[in-house]
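Colleague: For reference, the file run-v2.txt (compact mmCIF, C-alpha atoms) is included below:
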# COMPACT_ATOMS: atom_id res chain seq x y z
CA MET A 541 24.09 -10.47 -21.29
CA GLN A 542 24.65 -9.19 -17.82
CA LEU A 543 24.94 -5.78 -16.44
CA SER A 544 27.87 -5.29 -14.18
CA ALA A 545 29.17 -2.31 -12.34
CA ALA A 546 32.68 -1.47 -11.46
CA ASP A 547 32.44 -1.33 -7.74
CA ASN A 548 34.84 -2.83 -5.29
CA LYS A 549 32.52 -5.59 -4.18
CA GLY A 550 31.85 -6.66 -7.67
CA TYR A 551 28.15 -6.02 -7.69
CA VAL A 552 25.75 -3.21 -8.05
CA LYS A 553 24.35 -1.28 -5.18
CA GLN A 554 21.14 0.39 -5.94
CA SER A 555 18.10 1.57 -4.11
CA ASN A 556 17.14 4.84 -5.55
CA LEU A 557 14.00 4.98 -7.58
CA ILE A 558 15.14 7.95 -9.58
CA ASN A 559 18.38 6.29 -10.42
CA SER A 560 16.60 3.15 -11.39
CA ALA A 561 14.29 4.99 -13.72
CA PHE A 562 17.26 6.74 -15.19
CA CYS A 563 19.14 3.51 -15.72
CA VAL A 564 16.18 1.71 -17.18
CA GLY A 565 15.68 4.48 -19.63
CA ARG A 566 19.28 4.52 -20.50
CA PHE A 567 19.87 0.87 -21.08
CA LYS A 568 16.41 -0.45 -21.80
CA THR A 569 17.05 -3.50 -19.69
CA PRO A 570 14.53 -3.19 -16.89
CA MET A 571 14.51 -6.85 -16.01
CA THR A 572 18.23 -7.06 -15.48
CA ILE A 573 18.29 -3.92 -13.44
CA SER A 574 15.38 -4.96 -11.30
CA ALA A 575 17.08 -8.28 -10.71
CA ILE A 576 20.07 -6.47 -9.33
CA LEU A 577 17.93 -4.23 -7.18
CA LEU A 578 17.49 -6.90 -4.59
CA ALA A 579 21.05 -6.98 -3.46
CA PRO A 580 21.24 -7.69 0.29
CA SER A 581 19.38 -5.00 2.14
CA SER A 582 22.37 -3.77 4.07
CA ASP A 583 23.97 -2.95 0.79
CA ARG A 584 20.87 -1.39 -0.64
CA ASP A 585 20.85 1.05 2.22
CA THR A 586 24.21 2.44 1.37
CA ARG A 587 22.94 4.23 -1.68
CA THR A 588 26.13 4.11 -3.59
CA ILE A 589 25.62 4.22 -7.24
CA ALA A 590 26.61 6.08 -10.27
CA CYS A 591 24.68 4.86 -13.20
CA GLY A 592 27.36 6.13 -15.50
CA THR A 593 29.72 3.45 -14.25
CA PHE A 594 27.54 0.64 -15.53
CA SER A 595 29.02 -1.24 -18.39
CA MET A 596 27.44 -3.81 -20.57
CA THR A 597 29.55 -6.89 -20.83
CA HIS A 598 29.17 -10.45 -21.91
CA ARG A 599 30.15 -12.84 -19.21
CA PRO A 600 30.12 -16.58 -19.09
CA GLU A 601 27.35 -18.03 -16.91
CA ASN A 602 29.59 -19.26 -14.14
CA ASP A 603 32.00 -16.42 -13.92
CA SER A 604 32.88 -16.40 -10.25
CA THR A 605 34.09 -12.82 -10.31
CA THR A 606 30.61 -11.56 -10.97
CA ARG A 607 28.01 -11.67 -8.29
CA THR A 608 25.01 -12.91 -10.15
CA PRO A 609 21.61 -12.00 -8.72
CA ILE A 610 21.16 -15.54 -7.41
CA ASP A 611 24.20 -17.29 -6.09
CA SER A 612 24.43 -20.56 -4.26
CA ALA A 613 24.72 -18.95 -0.82
CA GLU A 614 21.45 -17.15 -1.37
CA LEU A 615 19.80 -20.44 -2.15
CA ASP A 616 20.82 -21.89 1.20
CA PRO A 617 17.70 -21.68 3.37
CA ARG A 618 19.88 -21.32 6.47
CA SER A 619 20.93 -17.87 5.34
CA TRP A 620 17.42 -16.64 4.62
CA VAL A 621 16.43 -15.80 8.17
CA GLU A 622 19.38 -13.49 8.66
CA THR A 623 19.23 -11.98 5.18
CA HIS A 624 15.53 -11.44 4.72
CA GLY A 625 13.96 -11.88 8.16
CA ASP A 626 13.73 -8.19 9.07
CA ALA A 627 12.34 -7.17 5.69
CA LEU A 628 9.66 -9.85 5.84
CA PHE A 629 8.80 -8.92 9.39
CA ALA A 630 8.58 -5.22 8.58
CA TYR A 631 6.08 -5.97 5.86
CA ALA A 632 4.09 -8.41 7.97
CA ILE A 633 3.78 -6.11 10.93
CA SER A 634 2.73 -3.15 8.87
CA ARG A 635 0.00 -5.22 7.23
CA LEU A 636 -1.13 -7.09 10.32
CA GLY A 637 -0.44 -4.52 13.01
CA ASP A 638 0.29 -7.17 15.59
CA ARG A 639 3.67 -8.47 16.60
CA ASN A 640 2.58 -11.99 17.40
CA LEU A 641 0.59 -12.43 14.23
CA ALA A 642 3.46 -11.00 12.20
CA GLU A 643 5.91 -13.42 13.78
CA ASP A 644 3.57 -16.30 13.00
CA ALA A 645 3.27 -15.17 9.40
CA VAL A 646 7.02 -14.90 8.96
CA GLN A 647 7.62 -18.26 10.58
CA ASP A 648 4.99 -19.94 8.40
CA THR A 649 6.54 -18.31 5.37
CA TYR A 650 9.97 -19.72 6.10
CA LEU A 651 8.71 -23.19 6.77
CA ALA A 652 6.66 -23.20 3.58
CA ALA A 653 9.58 -21.77 1.62
CA VAL A 654 12.04 -24.39 2.84
CA LYS A 655 9.66 -27.15 1.89
CA ALA A 656 8.98 -25.60 -1.49
CA ARG A 657 12.50 -24.43 -2.24
CA LEU A 658 13.03 -26.94 -5.02
CA SER A 659 10.23 -25.27 -6.90
CA PHE A 660 12.08 -21.97 -6.75
CA LYS A 661 13.66 -21.64 -10.13
CA GLY A 662 15.52 -18.43 -9.58
CA GLY A 663 13.19 -16.63 -11.94
CA SER A 664 12.75 -14.02 -9.27
CA GLN A 665 14.88 -12.91 -6.40
CA VAL A 666 14.76 -14.92 -3.20
CA ARG A 667 13.29 -11.98 -1.30
CA THR A 668 10.63 -11.36 -3.91
CA TRP A 669 9.73 -14.99 -3.80
CA LEU A 670 9.58 -15.03 0.00
CA ILE A 671 7.40 -11.91 0.10
CA GLY A 672 5.09 -13.58 -2.39
CA ILE A 673 4.66 -16.49 0.02
CA LEU A 674 4.32 -14.12 2.95
CA ARG A 675 1.44 -12.31 1.27
CA HIS A 676 -0.46 -15.58 1.10
CA LYS A 677 0.26 -16.33 4.74
CA ILE A 678 -0.96 -12.89 5.73
CA SER A 679 -4.22 -13.43 3.84
CA ASP A 680 -4.64 -16.76 5.62
CA ILE A 681 -4.13 -15.13 8.99
CA ARG A 682 -6.51 -12.31 8.16
CA ARG A 683 -9.16 -14.76 7.13
CA LYS A 684 -8.74 -16.58 10.40
CA THR A 685 -8.89 -13.48 12.53
CA HIS A 686 -11.58 -11.81 10.45
CA ARG A 687 -9.60 -8.61 10.42
CA GLU A 688 -10.49 -7.99 6.84
CA THR A 689 -14.17 -7.77 7.58
CA GLN A 690 -13.55 -5.40 10.47
CA THR A 691 -11.31 -2.99 8.69
CA ALA A 692 -12.71 -2.90 5.20
CA ASP A 693 -16.31 -2.37 4.55
CA LEU A 694 -17.51 -4.40 1.65
CA GLN A 695 -18.36 -1.49 -0.53
CA ASP A 696 -14.80 -0.31 -0.50
CA SER A 697 -13.15 -3.67 -0.75
CA ASP A 698 -11.01 -3.73 -3.83
CA GLU A 699 -10.26 -7.40 -3.86
CA PHE A 700 -12.81 -8.17 -6.48
CA ASP A 701 -13.14 -5.15 -8.66
CA GLY A 702 -10.75 -3.24 -10.80
CA ALA A 703 -12.82 -0.12 -10.40
CA SER A 704 -12.00 2.72 -8.10
CA SER A 705 -14.96 2.56 -5.79
CA SER A 706 -13.47 4.50 -2.93
CA ILE A 707 -12.20 7.18 -5.28
CA ASP A 708 -15.65 7.56 -6.74
CA ALA A 709 -16.91 8.62 -3.34
CA TRP A 710 -14.96 11.84 -3.77
CA PHE A 711 -16.36 12.77 -7.15
CA ASP A 712 -19.79 13.24 -8.61
CA SER A 713 -20.86 11.85 -11.95
CA THR A 714 -19.49 14.86 -13.79
CA GLY A 715 -16.06 14.32 -12.29
CA HIS A 716 -16.18 17.28 -9.94
CA TRP A 717 -15.32 17.13 -6.29
CA ARG A 718 -18.31 15.87 -4.37
CA LYS A 719 -16.78 16.94 -1.07
CA GLN A 720 -13.84 19.22 -1.42
CA PRO A 721 -10.56 18.24 0.17
CA ALA A 722 -10.29 20.15 3.40
CA SER A 723 -7.65 22.76 3.67
CA TRP A 724 -4.65 21.39 5.46
CA SER A 725 -1.10 20.93 4.48
CA VAL A 726 1.56 18.47 5.41
CA ASP A 727 4.63 19.83 7.07
CA PRO A 728 6.88 16.80 7.28
CA GLY A 729 9.37 18.64 9.45
CA ALA A 730 6.81 19.47 12.12
CA LEU A 731 5.05 16.11 11.95
CA MET A 732 8.23 14.08 12.30
CA SER A 733 8.58 15.18 15.90
CA GLN A 734 5.06 14.16 16.86
CA GLU A 735 4.83 10.62 18.06
CA GLU A 736 1.02 10.64 18.11
CA PHE A 737 0.96 11.47 14.44
CA PHE A 738 2.78 8.28 13.61
CA SER A 739 0.40 6.21 15.60
CA VAL A 740 -2.48 7.71 13.59
CA LEU A 741 -0.52 7.22 10.39
CA ARG A 742 0.08 3.56 11.19
CA ASP A 743 -3.58 3.03 11.96
CA CYS A 744 -4.59 4.67 8.71
CA LEU A 745 -2.04 2.67 6.78
CA GLU A 746 -3.29 -0.53 8.26
CA LYS A 747 -6.84 0.35 7.29
CA ILE A 748 -6.09 0.67 3.60
CA PRO A 749 -7.84 -2.44 2.39
CA GLY A 750 -6.64 -5.26 0.24
CA ARG A 751 -4.21 -5.00 -2.56
CA ALA A 752 -4.02 -1.22 -2.48
CA GLY A 753 -2.69 -1.43 1.07
CA ASP A 754 -0.29 -4.19 0.12
CA ALA A 755 1.10 -2.25 -2.81
CA PHE A 756 1.47 0.96 -0.86
CA THR A 757 3.14 -0.76 2.09
CA LEU A 758 5.58 -2.69 -0.06
CA ARG A 759 6.52 0.43 -1.97
CA PHE A 760 6.68 3.09 0.71
CA VAL A 761 7.13 1.28 4.00
CA ASN A 762 9.41 -1.46 2.81
CA ASN A 763 10.97 0.68 0.10
CA ILE A 764 10.83 -2.04 -2.48
CA PRO A 765 11.40 -0.77 -6.01
CA PRO A 766 8.26 -0.57 -8.19
CA GLU A 767 9.34 -3.31 -10.58
CA GLU A 768 9.81 -5.73 -7.69
CA VAL A 769 6.44 -4.87 -6.18
CA CYS A 770 4.81 -5.61 -9.53
CA LYS A 771 6.55 -8.97 -9.61
CA VAL A 772 5.60 -9.89 -6.06
CA MET A 773 1.99 -8.91 -6.60
CA GLU A 774 1.87 -10.20 -10.16
CA ILE A 775 0.40 -6.98 -11.49
CA SER A 776 1.16 -4.62 -14.34
CA SER A 777 2.70 -1.24 -13.77
CA THR A 778 -0.59 0.44 -14.68
CA ASN A 779 -2.40 -1.68 -12.17
CA PHE A 780 0.29 -0.80 -9.66
CA TRP A 781 -0.08 2.95 -9.79
CA VAL A 782 -3.86 2.67 -9.82
CA LEU A 783 -3.55 0.72 -6.56
CA LEU A 784 -1.21 3.36 -5.18
CA HIS A 785 -3.64 6.06 -6.17
CA ARG A 786 -6.42 4.27 -4.37
CA ALA A 787 -4.24 3.80 -1.31
CA ARG A 788 -3.29 7.48 -1.25
CA THR A 789 -6.92 8.51 -1.51
CA ARG A 790 -7.75 6.36 1.48
CA LEU A 791 -4.76 7.46 3.45
CA ARG A 792 -5.42 11.11 2.73
CA SER A 793 -9.03 11.01 3.85
CA CYS A 794 -8.17 8.93 6.91
CA LEU A 795 -5.57 11.47 8.01
CA GLU A 796 -7.91 14.31 7.24
CA VAL A 797 -10.47 12.93 9.64
CA ASN A 798 -8.25 11.44 12.30
CA TRP A 799 -5.33 13.79 12.46
CA PHE A 800 -6.12 17.08 10.86
CA GLY A 801 -9.35 16.96 12.75
CA ILE A 802 -11.64 17.81 9.90
CA LYS A 803 -14.90 16.07 10.41
CA SER A 804 -16.48 14.88 7.24
CA HIS A 805 -19.92 13.47 7.81
CA SER A 806 -19.47 11.65 11.03
CA GLU A 807 -17.51 12.24 14.18
CA PRO A 808 -13.98 10.92 13.93
CA MET B 562 -13.58 15.69 -20.88
CA PHE B 563 -10.83 16.52 -18.44
CA ASP B 564 -12.22 16.93 -14.97
CA CYS B 565 -11.09 16.97 -11.35
CA LYS B 566 -11.35 13.24 -11.02
CA HIS B 567 -9.07 12.72 -13.96
CA ALA B 568 -6.70 15.37 -12.64
CA SER B 569 -6.52 13.70 -9.24
CA ILE B 570 -5.58 10.44 -10.92
CA LEU B 571 -2.80 12.09 -12.87
CA VAL B 572 -1.54 13.88 -9.76
CA SER B 573 -1.11 10.51 -8.14
CA LYS B 574 0.29 8.84 -11.23
CA LYS B 575 2.91 11.52 -11.54
CA LEU B 576 4.25 10.55 -8.13
CA ASP B 577 4.96 7.07 -9.40
CA GLN B 578 5.86 7.36 -13.03
CA PRO B 579 6.43 9.94 -15.73
CA LEU B 580 3.31 11.20 -17.44
CA LEU B 581 2.77 11.08 -21.16
CA ARG B 582 3.15 14.39 -22.94
CA ARG B 583 -0.62 14.59 -23.44
CA GLU B 584 -1.22 13.94 -19.76
CA ARG B 585 1.32 16.53 -18.71
CA ILE B 586 -0.40 19.17 -20.79
CA GLN B 587 -3.85 18.20 -19.54
CA LEU B 588 -2.73 18.32 -15.95
CA TRP B 589 -0.89 21.58 -16.31
CA THR B 590 -3.88 23.22 -17.95
CA HIS B 591 -6.25 21.96 -15.29
CA MET B 592 -3.99 23.01 -12.43
CA ARG B 593 -3.93 26.57 -13.69
CA ILE B 594 -7.64 26.94 -13.22
CA CYS B 595 -8.45 24.62 -10.32
CA SER B 596 -7.36 25.59 -6.83
CA THR B 597 -8.99 22.52 -5.27
CA CYS B 598 -6.84 20.18 -7.30
CA ARG B 599 -3.79 22.28 -6.52
CA LEU B 600 -4.51 21.80 -2.84
CA TYR B 601 -5.02 18.11 -3.39
CA ARG B 602 -1.70 17.88 -5.17
CA LYS B 603 0.04 19.76 -2.39
CA GLN B 604 -1.32 17.32 0.16
CA LEU B 605 -0.32 14.23 -1.80
CA VAL B 606 3.16 15.51 -2.48
CA GLY B 607 3.49 16.34 1.22
CA LEU B 608 2.41 12.84 2.19
CA GLN B 609 4.82 11.30 -0.28
CA LEU B 610 7.67 13.31 1.19
CA LEU B 611 6.61 12.44 4.69
CA PHE B 612 6.67 8.77 3.85
CA ALA B 613 10.07 9.02 2.28
CA ILE B 614 11.49 10.60 5.41
CA ALA B 615 9.54 8.47 7.85
CA SER B 616 10.28 5.11 6.31
CA GLU B 617 13.94 6.04 6.03
CA SER B 618 14.04 6.57 9.76
CA GLY B 619 11.90 3.51 10.48
CA ARG B 620 9.07 5.57 11.93
CA VAL B 621 6.24 4.13 9.89
CA SER B 622 6.46 0.65 11.25
CA LYS B 623 4.96 -0.32 14.52
CA ASP B 624 7.20 -0.36 17.59
CA ASP B 625 10.62 1.12 17.57
CA SER B 626 11.94 -2.25 16.59
CA ASN B 627 10.33 -3.38 13.40
CA ARG B 628 12.81 -6.18 13.33
CA LEU B 629 12.36 -9.83 13.94
CA SER B 630 13.53 -10.56 17.47
CA PRO B 631 16.73 -12.58 17.84
CA ALA B 632 14.80 -15.23 19.75
CA GLN B 633 12.33 -15.56 16.90
CA LYS B 634 15.12 -15.74 14.34
CA ASP B 635 16.76 -18.44 16.36
CA LYS B 636 13.54 -20.39 16.62
CA ILE B 637 12.90 -20.23 12.88
CA SER B 638 16.50 -21.15 12.06
CA LYS B 639 16.20 -24.23 14.27
CA GLN B 640 12.99 -25.23 12.57
CA ILE B 641 14.57 -24.83 9.15
CA ASP B 642 17.50 -26.94 10.31
CA GLY B 643 15.06 -29.54 11.54
CA ILE B 644 13.37 -29.75 8.16
CA LEU B 645 16.65 -29.93 6.29
CA LYS B 646 17.96 -32.67 8.59
CA SER B 647 14.85 -34.75 8.31
CA GLU B 648 15.00 -34.39 4.54
CA SER B 649 18.61 -35.51 4.34
CA SER B 650 18.00 -38.45 6.65
CA GLN B 651 15.20 -39.57 4.38
CA GLU B 652 17.59 -39.52 1.47
CA ASP B 653 20.08 -41.78 3.27
What would the structure in this file look like if it were written as structure tokens?
Modeller:
Amino acid sequence: MQLSAADNKGYVKQSNLINSAFCVGRFKTPMTISAILLAPSSDRDTRTIACGTFSMTHRPENDSTTRTPIDSAELDPRSWVETHGDALFAYAISRLGDRNLAEDAVQDTYLAAVKARLSFKGGSQVRTWLIGILRHKISDIRRKTHRETQTADLQDSDEFDGASSSIDAWFDSTGHWRKQPASWSVDPGALMSQEEFFSVLRDCLEKIPGRAGDAFTLRFVNNIPPEEVCKVMEISSTNFWVLLHRARTRLRSCLEVNWFGIKSHSEP
Amino acid sequence: MFDCKHASILVSKKLDQPLLRRERIQLWTHMRICSTCRLYRKQLVGLQLLFAIASESGRVSKDDSNRLSPAQKDKISKQIDGILKSESSQED
């Protein structure tokens, strides 16, 4: 069974998390909907959707009038650079923080993907698959450049534990705030006009270690829907929001020290 | 025992997915009595909003152009072509 929408291009445009949650709840077909979510990015940006226009229909496998999530053009490696290059690069640069390294990572990803393309069974979207490869390339590069050891102190590294070590720093054993959050508030309107803020924000984002940083970046910098992030990272949805929580905790305290100017224990 | 740590987790969870009824009640009850957690929630919601706006306008990524340069795209395309050609010549 496929989900198809009556829109003039014959496929579904979707990017809105709220809509997606609404649709999933309505039709109970999260996999199908998430498969459609990775329509070409240019289309995803247009935000045209009315969930109410979805209809459930049976279609034969090779119905050419329906754009299936994977079509033959998408499987042509020659089209990948144009279709997915910017998205891959955006992710790579926000995780590596360096243009040259990010370019290397993306290039390595494509070369590995072309060589391995026969192993791609279409079980996931091309972009999801490519980002999966990219994540490995980024880890390789980080290992080589030792960035990981510079940016994440071992105690807070979340690569090996499922526990919330950095969150624990904020609370005592009875679950009360060990150090209270300082009093500041975010005024997005005012901050948007301040270029320096974004440079601090990028630095803080880059410092979120390991998988928490990956999950947060994929979700909120690359705007990839939650279901797709889970697939790319091979994690459960519970695991996913725990990672996001950890990332937010880090981001919040980093901004508190480095932007809002509230000194915790040491000088910023 | 529902404490601030638990509340902070639910505050974050709520930004990503709907809470269970039990969790909603726990959080609501805690928020009524805890100003620290209310502040924490305000900050997280603010950050979430900021990210939504900033990533929409491409501000979160480094450089104004967070895109792959045309030269780089060209280079990668050529390399892909090279691989595909060498593969097809091996088949012949």
Colleague: Can you check which parts of chain A lie within 6 Å of chain B? Per residue, the shortest pair of atoms and distance in Å to one decimal, counting all atoms listed in the file, sorted by chain and number, as a Markdown table.
Modeller:
| residue | atom | partner | partner_atom | distance |
| --- | --- | --- | --- | --- |
| A:Asp626 | CA | B:Arg628 | CA | 4.8 |
| A:Phe629 | CA | B:Leu629 | CA | 5.8 |
| A:Ala630 | CA | B:Asn627 | CA | 5.4 |
| A:Ser634 | CA | B:Ser622 | CA | 5.8 |
| A:Gly715 | CA | B:Lys566 | CA | 5.0 |
| A:His716 | CA | B:Cys565 | CA | 5.3 |
| A:Ser725 | CA | B:Gln604 | CA | 5.6 |
| A:Val726 | CA | B:Gly607 | CA | 5.1 |
| A:Pro728 | CA | B:Leu611 | CA | 5.1 |
| A:Val761 | CA | B:Ser616 | CA | 5.5 |
| A:His785 | CA | B:Ser573 | CA | 5.5 |
Colleague: Between A:Thr623, A:Asp648, A:Thr668, A:Leu791, which has the minimum distance to A:Pro765 (counting all atoms listed in the file)?
Modeller: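 Between A:Thr623, A:Asp648, A:Thr668, A:Leu791, the residue approaching A:Pro765 most closely is A:Thr668.
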Colleague: Neighbouring residues of A:Phe800 were defined as those with any atom within 10 Å, considering only C-alpha atoms; residues of the same chain fewer than 6 positions away were excluded. Please report them as a list in words.
Modeller: Ala722, Ser723, Trp724, Ser725, Val726, Phe737, Ser793 and Cys794 of chain A
Colleague: Tell me, in Å to one decimal, how far atom CA of A:Trp799 is from atom CA of A:Val740.
Modeller: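 Straight-line distance from atom CA of A:Trp799 to atom CA of A:Val740 works out to 6.8 Å.
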